[in-house]
Amino acid sequence: MIICVIPSFNEESTIAEVVRGVGRHCDRVIVIDDGSTDATSKIARLHGADVLRHPFRIGVGGALSTGFEAAMRLGAEAVLTIDGDGQHDPNEAPRLLKPLSSGEADLVIGSRFLGDPSAMPLHKRIGNMAISALTSIASGIRITDSQSGYRAYSRAVLEAVRHSSFGYGWASESIILAARGGFRIVEVPIRTIYHAKRARGAGVIDGTKIAYDTLKRIPRKNRGKR
Amino acid sequence: MEPYGILAALLGAIMMAISIREYLRGKLSTTSFLAWMAIWAAILITALFPRLYYSLVAALGMATPIHFVTTFSIILLFAIVYQLNKRLEEVNSKLNSMAREIALMGVDRDRLEDRPG
């Protein structure tokens, strides 16, 4: 069974399309409503998703942890994660799920940098590239888009690896933990969709914190390399 | 005794009484109670026996009493802020875990209902 986990916070304008879109490629869709104050939960349910709701906002990393735990309890063999804000194309889900089903990978990351990232604002691109470089050093494998939330996980990865970050740090942390656990990680190109009016995501302070957290995970012998 | 000494002693005594009342009501942990009592007692003693305070300042090699007050007040405030911050992070972490548990209760209900995938 493939379960799609969608972390969301105040995504009432986009959640319906995302749920309907990934619903075509997954057996079950779980929306983790991270304390939204709008109609995200209601709309998601209306479009066929199961909704788990945090009573208040704890962060995207925490929402994903809840989603992973739920998916495991429900017997998922694979979990697809996608952002609820419409910045990922649900039609690309098969591209992420294929390396899992073919046994080629345990964790598949949709990389905007393997496609055309020009739609992403320059400062976000630079920040992402810097954090991806740090993540690559810490994990020992080349990662081009460590901050992508569009991913596919095998059950084995989720059984062995769980991130502890509640905030944006989950993205790099989970890659590093999976790589250290000996799991195969591959990236596949995805489209970059950027809604300027709805732009949220990690800011400068979040980015600095992620970079610092990732830096701490780099083994001493690898520091200064690359 | 100078008027400021009387004021400081009064303040120390009042805060001591409040701390004891809060402790007896179970609103202060023993550790916090002891820490605050030490602070109020230090204020009370220096207000009642200023000579002790001057001797301490001289023994520590500080030029004037104000150096003692500013230095140790800042150190004490940093220690309090550190403790508060630590406690806040612990509470935040527990709240986040509770939020996740509350959300996951829905999964167990869901599973019991055996809804189709």
# chains A, B, ... in the order shown; residues from 1 in each chain; ligands from 1
>>> residues_around(residues="segment 28-38 of chain B", least_positions_apart="3", cutoff="12 Å", atoms="only C-alpha atoms", output="ChimeraX atom specification")
/B:12-25,41-45,76,79-80,83-84
>>> residues_around(residues="segment 108-120 of chain A", least_positions_apart="3", cutoff="6 Å", atoms="only C-alpha atoms", output="PyMOL selection string")
chain A and resi 96+145+150-152+185-192
>>> write_last_selection(atoms="C-alpha atoms", output="PDB file, in the first residue's frame")
ATOM      1  CA  LEU A  96       9.385   9.265  -7.542  1.00  0.00           C
ATOM      2  CA  ASP A 145      18.112  19.494  -3.456  1.00  0.00           C
ATOM      3  CA  TYR A 150       8.652  15.836  -2.576  1.00  0.00           C
ATOM      4  CA  ARG A 151       9.990  12.404  -1.690  1.00  0.00           C
ATOM      5  CA  ALA A 152       9.230   8.717  -1.670  1.00  0.00           C
ATOM      6  CA  ILE A 185      19.194   7.454  -2.005  1.00  0.00           C
ATOM      7  CA  VAL A 186      18.523   8.695  -5.504  1.00  0.00           C
ATOM      8  CA  GLU A 187      17.282  12.007  -6.868  1.00  0.00           C
ATOM      9  CA  VAL A 188      14.914  12.438  -9.788  1.00  0.00           C
ATOM     10  CA  PRO A 189      14.202  15.719 -11.580  1.00  0.00           C
ATOM     11  CA  ILE A 190      10.983  17.547 -10.743  1.00  0.00           C
ATOM     12  CA  ARG A 191       9.461  20.793 -11.916  1.00  0.00           C
ATOM     13  CA  THR A 192       9.954  23.963  -9.909  1.00  0.00           C
TER      14      THR A 192
END
>>> interface_residues(of="chain B", to="chain A", cutoff="6 Å", atoms="only C-alpha atoms", output="list of chain:residue names")
B:Asn96, B:Ala99, B:Arg100, B:Ala103, B:Gly117
>>> select_by_dssp(residues="segment 33-158 of chain A", states="alpha helix (DSSP H)", output="PyMOL selection string")
chain A and resi 40-46+60-73+93-101+122-139+155-158
>>> atom_distance(atom1="atom CA of Gly106 of chain B", atom2="atom CA of Arg87 of chain B")
29.6 Å
>>> select_by_dssp(residues="segment 22-222 of chain A", states="strand (DSSP E or B)", output="mmCIF file with N, CA and C atoms, in the first residue's frame")
data_model
loop_
_atom_site.group_PDB
_atom_site.id
_atom_site.type_symbol
_atom_site.label_atom_id
_atom_site.label_comp_id
_atom_site.auth_asym_id
_atom_site.auth_seq_id
_atom_site.Cartn_x
_atom_site.Cartn_y
_atom_site.Cartn_z
ATOM 1 N N ARG A 28 -3.925 5.721 -0.350
ATOM 2 C CA ARG A 28 -4.538 6.489 0.732
ATOM 3 C C ARG A 28 -3.789 7.815 0.885
ATOM 4 N N VAL A 29 -4.507 8.865 1.166
ATOM 5 C CA VAL A 29 -3.876 10.180 1.346
ATOM 6 C C VAL A 29 -4.142 10.657 2.770
ATOM 7 N N ILE A 30 -3.067 11.000 3.460
ATOM 8 C CA ILE A 30 -3.215 11.538 4.818
ATOM 9 C C ILE A 30 -2.715 12.972 4.828
ATOM 10 N N VAL A 31 -3.586 13.882 5.222
ATOM 11 C CA VAL A 31 -3.179 15.279 5.376
ATOM 12 C C VAL A 31 -2.924 15.522 6.855
ATOM 13 N N ILE A 32 -1.740 16.041 7.159
ATOM 14 C CA ILE A 32 -1.440 16.402 8.539
ATOM 15 C C ILE A 32 -1.653 17.908 8.640
ATOM 16 N N ASP A 33 -2.752 18.276 9.252
ATOM 17 C CA ASP A 33 -3.060 19.699 9.411
ATOM 18 C C ASP A 33 -2.331 20.202 10.655
ATOM 19 N N ASP A 34 -1.301 21.008 10.410
ATOM 20 C CA ASP A 34 -0.429 21.454 11.505
ATOM 21 C C ASP A 34 -0.986 22.713 12.181
ATOM 22 N N ASP A 50 -7.685 11.441 4.537
ATOM 23 C CA ASP A 50 -7.826 11.265 5.984
ATOM 24 C C ASP A 50 -7.047 12.420 6.592
ATOM 25 N N VAL A 51 -7.617 13.050 7.590
ATOM 26 C CA VAL A 51 -6.954 14.225 8.168
ATOM 27 C C VAL A 51 -6.589 13.958 9.622
ATOM 28 N N LEU A 52 -5.325 14.202 9.922
ATOM 29 C CA LEU A 52 -4.871 14.174 11.319
ATOM 30 C C LEU A 52 -4.514 15.604 11.661
ATOM 31 N N ARG A 53 -5.018 16.055 12.796
ATOM 32 C CA ARG A 53 -4.863 17.480 13.087
ATOM 33 C C ARG A 53 -4.084 17.720 14.379
ATOM 34 N N HIS A 54 -3.018 18.515 14.255
ATOM 35 C CA HIS A 54 -2.325 18.978 15.465
ATOM 36 C C HIS A 54 -3.154 20.109 16.068
ATOM 37 N N ALA A 78 5.090 1.932 1.186
ATOM 38 C CA ALA A 78 5.863 3.082 0.703
ATOM 39 C C ALA A 78 5.098 4.348 1.067
ATOM 40 N N VAL A 79 5.841 5.403 1.307
ATOM 41 C CA VAL A 79 5.202 6.681 1.662
ATOM 42 C C VAL A 79 5.701 7.767 0.719
ATOM 43 N N LEU A 80 4.754 8.476 0.145
ATOM 44 C CA LEU A 80 5.097 9.604 -0.712
ATOM 45 C C LEU A 80 4.792 10.874 0.070
ATOM 46 N N THR A 81 5.730 11.813 0.105
ATOM 47 C CA THR A 81 5.441 13.095 0.770
ATOM 48 C C THR A 81 5.417 14.198 -0.277
ATOM 49 N N LEU A 107 15.123 5.618 -0.756
ATOM 50 C CA LEU A 107 14.628 6.987 -0.570
ATOM 51 C C LEU A 107 14.829 7.736 -1.881
ATOM 52 N N VAL A 108 13.739 8.288 -2.395
ATOM 53 C CA VAL A 108 13.820 9.031 -3.656
ATOM 54 C C VAL A 108 13.481 10.490 -3.378
ATOM 55 N N ILE A 109 14.340 11.382 -3.824
ATOM 56 C CA ILE A 109 14.123 12.814 -3.586
ATOM 57 C C ILE A 109 13.860 13.500 -4.923
ATOM 58 N N GLY A 110 12.772 14.246 -4.984
ATOM 59 C CA GLY A 110 12.483 15.034 -6.182
ATOM 60 C C GLY A 110 13.342 16.281 -6.155
ATOM 61 N N SER A 111 14.240 16.410 -7.118
ATOM 62 C CA SER A 111 15.170 17.549 -7.112
ATOM 63 C C SER A 111 14.794 18.595 -8.151
ATOM 64 N N ARG A 151 9.127 13.572 -1.866
ATOM 65 C CA ARG A 151 9.990 12.404 -1.690
ATOM 66 C C ARG A 151 9.174 11.118 -1.649
ATOM 67 N N ALA A 152 9.865 10.032 -1.852
ATOM 68 C CA ALA A 152 9.230 8.717 -1.670
ATOM 69 C C ALA A 152 10.142 7.883 -0.775
ATOM 70 N N TYR A 153 9.546 7.276 0.249
ATOM 71 C CA TYR A 153 10.304 6.474 1.212
ATOM 72 C C TYR A 153 9.821 5.033 1.177
ATOM 73 N N SER A 154 10.770 4.109 1.286
ATOM 74 C CA SER A 154 10.366 2.715 1.462
ATOM 75 C C SER A 154 10.034 2.516 2.942
ATOM 76 N N ILE A 185 19.927 6.201 -1.780
ATOM 77 C CA ILE A 185 19.194 7.454 -2.005
ATOM 78 C C ILE A 185 19.433 7.900 -3.446
ATOM 79 N N VAL A 186 18.357 8.159 -4.149
ATOM 80 C CA VAL A 186 18.523 8.695 -5.504
ATOM 81 C C VAL A 186 17.663 9.957 -5.653
ATOM 82 N N GLU A 187 18.067 10.807 -6.570
ATOM 83 C CA GLU A 187 17.282 12.007 -6.868
ATOM 84 C C GLU A 187 16.721 11.887 -8.273
ATOM 85 N N VAL A 188 15.509 12.381 -8.443
ATOM 86 C CA VAL A 188 14.914 12.438 -9.788
ATOM 87 C C VAL A 188 14.492 13.880 -10.056
ATOM 88 N N PRO A 189 14.568 14.318 -11.306
ATOM 89 C CA PRO A 189 14.202 15.719 -11.580
ATOM 90 C C PRO A 189 12.708 15.973 -11.403
#
